[in-house]
$ cat model25.txt   # compact mmCIF, C-alpha atoms
# COMPACT_ATOMS: atom_id res chain seq x y z
CA MET A 27 260.51 96.43 135.59
CA MET A 28 261.92 92.95 135.10
CA GLN A 29 260.91 90.42 137.67
CA THR A 30 262.72 87.23 138.66
CA GLN A 31 263.52 84.62 136.02
CA LEU A 32 263.32 87.17 133.20
CA ARG A 33 259.56 87.68 133.49
CA HIS A 34 257.51 90.86 133.54
CA GLY A 35 254.80 91.43 136.10
CA GLY A 36 254.02 88.43 138.19
CA ASP A 37 251.64 85.53 138.06
CA LEU A 38 247.92 84.90 137.96
CA GLN A 39 247.61 84.77 141.75
CA GLY A 40 249.14 88.24 141.88
CA LEU A 41 246.55 89.42 139.38
CA ILE A 42 243.73 87.93 141.44
CA ASP A 43 245.14 89.60 144.58
CA SER A 44 245.14 92.97 142.76
CA LEU A 45 241.63 92.85 141.28
CA ASP A 46 240.02 95.08 143.94
CA TYR A 47 242.64 97.76 143.32
CA ILE A 48 242.39 97.44 139.51
CA TYR A 49 238.59 97.56 139.62
CA GLY A 50 238.73 100.54 141.97
CA MET A 51 240.70 102.47 139.35
CA GLY A 52 237.76 102.07 136.98
CA VAL A 53 239.22 99.31 134.83
CA ARG A 54 236.49 97.08 133.41
CA ALA A 55 238.48 94.95 130.96
CA LEU A 56 241.89 93.34 131.24
CA TYR A 57 244.12 92.72 128.25
CA ILE A 58 246.58 90.00 129.20
CA ALA A 59 249.50 90.56 126.84
CA GLY A 60 251.66 87.74 125.57
CA GLY A 61 250.52 84.18 125.31
CA PRO A 62 249.81 81.70 128.08
CA MET A 63 251.83 78.95 126.40
CA ILE A 64 255.35 77.84 127.33
CA ASN A 65 257.77 80.52 126.27
CA GLN A 66 261.46 80.69 125.47
CA PRO A 67 263.27 80.86 128.80
CA TRP A 68 265.08 84.01 127.69
CA GLY A 69 261.97 85.63 126.16
CA ALA A 70 260.55 87.71 128.99
CA ASP A 71 257.76 89.24 126.92
CA MET A 72 255.74 86.01 126.45
CA TYR A 73 255.68 86.54 122.68
CA SER A 74 257.93 83.57 121.87
CA PRO A 75 255.91 80.40 122.52
CA LEU A 76 257.70 77.11 121.94
CA ASP A 77 254.76 74.72 122.13
CA MET A 78 251.10 75.63 121.72
CA THR A 79 250.00 72.63 123.78
CA VAL A 80 251.82 73.42 127.06
CA LEU A 81 250.97 76.25 129.47
CA ASP A 82 253.87 78.31 130.81
CA ALA A 83 254.16 77.39 134.50
CA HIS A 84 255.47 80.86 135.37
CA ASN A 85 251.88 82.14 135.21
CA GLY A 86 250.07 79.18 136.73
CA ASP A 87 248.46 75.91 135.72
CA ILE A 88 245.07 75.44 134.03
CA ALA A 89 243.29 75.47 137.40
CA MET A 90 244.86 78.86 138.17
CA TRP A 91 243.82 80.22 134.75
CA ARG A 92 240.24 79.10 135.44
CA LYS A 93 240.34 80.66 138.90
CA ALA A 94 241.71 83.95 137.53
CA VAL A 95 239.17 84.23 134.71
CA GLN A 96 236.34 83.41 137.12
CA ALA A 97 237.56 86.02 139.62
CA ILE A 98 237.78 88.64 136.85
CA HIS A 99 234.26 87.80 135.66
CA ASP A 100 232.97 87.82 139.25
CA LYS A 101 234.11 91.47 139.41
CA GLY A 102 232.02 92.22 136.31
CA MET A 103 235.15 92.67 134.24
CA TYR A 104 236.08 91.30 130.83
CA VAL A 105 239.23 89.40 129.82
CA VAL A 106 241.03 89.71 126.51
CA LEU A 107 243.71 87.07 126.20
CA ASP A 108 246.45 87.71 123.65
CA ASN A 109 246.77 84.34 121.91
CA THR A 110 250.09 84.83 120.18
CA VAL A 111 250.57 82.27 117.44
CA ALA A 112 252.37 84.31 114.80
CA THR A 113 255.54 84.95 116.80
CA MET A 114 256.84 81.53 117.65
CA GLY A 115 260.05 81.14 119.63
CA ASP A 116 263.37 81.52 117.92
CA LEU A 117 264.18 77.87 117.17
CA ILE A 118 264.38 78.25 113.39
CA ALA A 119 267.16 79.94 111.44
CA PHE A 120 268.03 80.48 107.81
CA ASP A 121 270.92 78.74 106.11
CA GLY A 122 273.95 81.02 106.36
CA TYR A 123 272.30 83.31 108.93
CA LEU A 124 272.22 81.26 112.11
CA ASN A 125 272.71 84.14 114.57
CA GLU A 126 272.17 87.27 112.54
CA SER A 127 269.43 89.08 110.68
CA THR A 128 268.46 87.53 107.38
CA PRO A 129 268.30 89.98 104.48
CA PHE A 130 265.07 90.33 102.54
CA ARG A 131 265.11 88.74 99.10
CA THR A 132 262.38 87.52 96.82
CA ASP A 133 263.93 84.12 96.10
CA GLU A 134 263.78 82.86 99.72
CA HIS A 135 266.23 81.23 102.08
CA GLN A 136 266.55 77.60 103.12
CA VAL A 137 265.43 76.90 106.67
CA GLN A 138 267.16 74.95 109.43
CA TRP A 139 266.70 74.23 113.12
CA ARG A 140 269.10 76.25 115.29
CA ASN A 141 269.61 73.15 117.39
CA PRO A 142 268.34 69.83 115.95
CA LYS A 143 267.64 68.62 119.52
CA ARG A 144 265.20 71.52 120.13
CA GLN A 145 262.27 71.53 117.71
CA TYR A 146 258.58 72.37 117.82
CA HIS A 147 256.57 69.19 118.36
CA ASP A 148 253.86 70.06 115.87
CA PHE A 149 255.66 72.12 113.21
CA HIS A 150 257.71 70.86 110.30
CA PHE A 151 259.29 72.43 107.24
CA GLY A 152 261.01 71.23 104.13
CA ASN A 153 263.72 72.53 101.83
CA THR A 154 262.59 70.97 98.56
CA TYR A 155 262.18 73.76 96.02
CA ASN A 156 258.99 73.94 93.94
CA GLN A 157 259.14 75.92 90.69
CA THR A 158 255.57 77.19 91.06
CA CYS A 159 253.60 78.31 94.10
CA HIS A 160 250.28 79.88 94.98
CA TYR A 161 251.15 83.02 96.92
CA PRO A 162 248.85 84.86 99.31
CA ARG A 163 248.11 88.56 98.88
CA PHE A 164 250.71 90.82 100.54
CA TRP A 165 249.95 94.13 102.25
CA LEU A 166 252.27 97.01 103.13
CA GLU A 167 252.27 98.61 106.57
CA THR A 168 250.40 101.53 104.93
CA GLY A 169 247.43 99.28 104.24
CA PHE A 170 247.99 99.19 100.47
CA ILE A 171 248.53 95.97 98.55
CA VAL A 172 252.07 95.07 97.45
CA LYS A 173 252.13 95.63 93.71
CA ASN A 174 253.45 93.54 90.84
CA ASP A 175 256.84 95.31 90.83
CA VAL A 176 257.60 93.16 93.90
CA THR A 177 255.36 90.11 93.50
CA ASP A 178 256.46 89.46 89.90
CA GLN A 179 259.92 88.75 91.31
CA PHE A 180 258.64 85.74 93.28
CA VAL A 181 259.55 82.53 91.50
CA GLY A 182 258.80 79.23 93.21
CA CYS A 183 259.06 78.42 96.89
CA TYR A 184 260.26 75.75 99.28
CA ASP A 185 257.77 73.11 100.37
CA SER A 186 255.98 73.98 103.62
CA ASP A 187 255.94 77.63 102.54
CA PHE A 188 253.44 79.61 100.48
CA ASP A 189 252.55 76.58 98.42
CA GLN A 190 250.43 75.38 101.36
CA VAL A 191 248.47 78.60 101.81
CA ARG A 192 245.66 77.39 99.58
CA THR A 193 245.18 74.33 101.84
CA GLY A 194 245.07 76.34 105.05
CA SER A 195 248.26 74.76 106.38
CA SER A 196 250.94 76.70 108.15
CA PHE A 197 253.88 77.86 106.12
CA ALA A 198 257.47 77.79 107.25
CA SER A 199 259.36 80.63 108.76
CA SER A 200 261.36 81.50 105.63
CA CYS A 201 258.27 82.73 103.80
CA PHE A 202 256.65 83.97 106.98
CA MET A 203 259.61 86.30 107.50
CA LEU A 204 259.24 87.44 103.91
CA THR A 205 255.61 88.20 104.62
CA CYS A 206 256.52 90.10 107.78
CA SER A 207 259.06 92.15 105.88
CA LEU A 208 256.33 93.27 103.53
CA VAL A 209 253.50 93.55 106.01
CA TRP A 210 255.08 94.98 109.13
$ encode --input "model25.txt" --output "structure tokens"
Amino acid sequence: MMQTQLRHGGDLQGLIDSLDYIYGMGVRALYIAGGPMINQPWGADMYSPLDMTVLDAHNGDIAMWRKAVQAIHDKGMYVVLDNTVATMGDLIAFDGYLNESTPFRTDEHQVQWRNPKRQYHDFHFGNTYNQTCHYPRFWLETGFIVKNDVTDQFVGCYDSDFDQVRTGSSFASSCFMLTCSLVW
């Protein structure tokens, strides 16, 4: 059931207040779904963080997180925190597809900010096209590797995309969406 301000559930104090009941049901580990970071205001599921350096005040501040984890541990229970970093908030769009689904293609789409005044503080992308790239391995949802009939169609990439995979850097949403299309 949706709570106030488009949020599910409640807050950390509500969790602390419910620990006796939860423990009494035999629960010994809590999986806290969604991330603790500031989320899109319209994203009630907590899977759309906007900034990985700011806690979402709807749940509580850092002192409340410490209090909640300590209270859970004091009950002899474990905590699994869903640290969602692969589903950033919807601030990035593809050229020509600002408010609609972007079709899958192997030659990529240029990326743009939906609103230039609203950007991630620590994430940047570019739209300079490189003729060659080092691509990661792709996997299908079945667990099998994507074969050459698809990967041979990849030619080049935009900077900030797959070309950075070998350095461990993040790659931009245009290629990330391509990856998701193949993986998920």
$ atom_distance --input "model25.txt" --atom1 "CA of Leu45 in chain A" --atom2 "CA of Asn65 in chain A"
25.3 Å
$ closest_residue --input "model25.txt" --among "A:Val137, A:Ile48, A:Ile98, A:Cys183" --to "Phe120 in chain A" --atoms "all atoms listed in the file"
A:Val137
$ closest_residue --input "model25.txt" --among "A:Gly50, A:Pro142, A:Gly122, A:Gly61" --to "His84 in chain A" --atoms "all atoms listed in the file"
A:Gly61
$ closest_residue --input "model25.txt" --among "A:Ile118, A:Leu38, A:Val53, A:Met90" --to "Gln136 in chain A" --atoms "all atoms listed in the file"
A:Ile118
$ closest_residue --input "model25.txt" --among "A:Gln39, A:Asn174, A:Gln145, A:Asn125" --to "Arg92 in chain A" --atoms "all atoms listed in the file"
A:Gln39
$ residues_near_point --input "model25.txt" --point "(247.6, 83.4, 122.0)" --cutoff "10 Å" --atoms "all atoms listed in the file" --output "PyMOL selection string"
chain A and resi 58-63+72-73+75+78+107-113
$ atom_distance --input "model25.txt" --atom1 "CA of Asp133 in chain A" --atom2 "CA of Ile171 in chain A"
19.6 Å
$ atom_distance --input "model25.txt" --atom1 "CA of Gly182 in chain A" --atom2 "CA of Pro162 in chain A"
13.0 Å
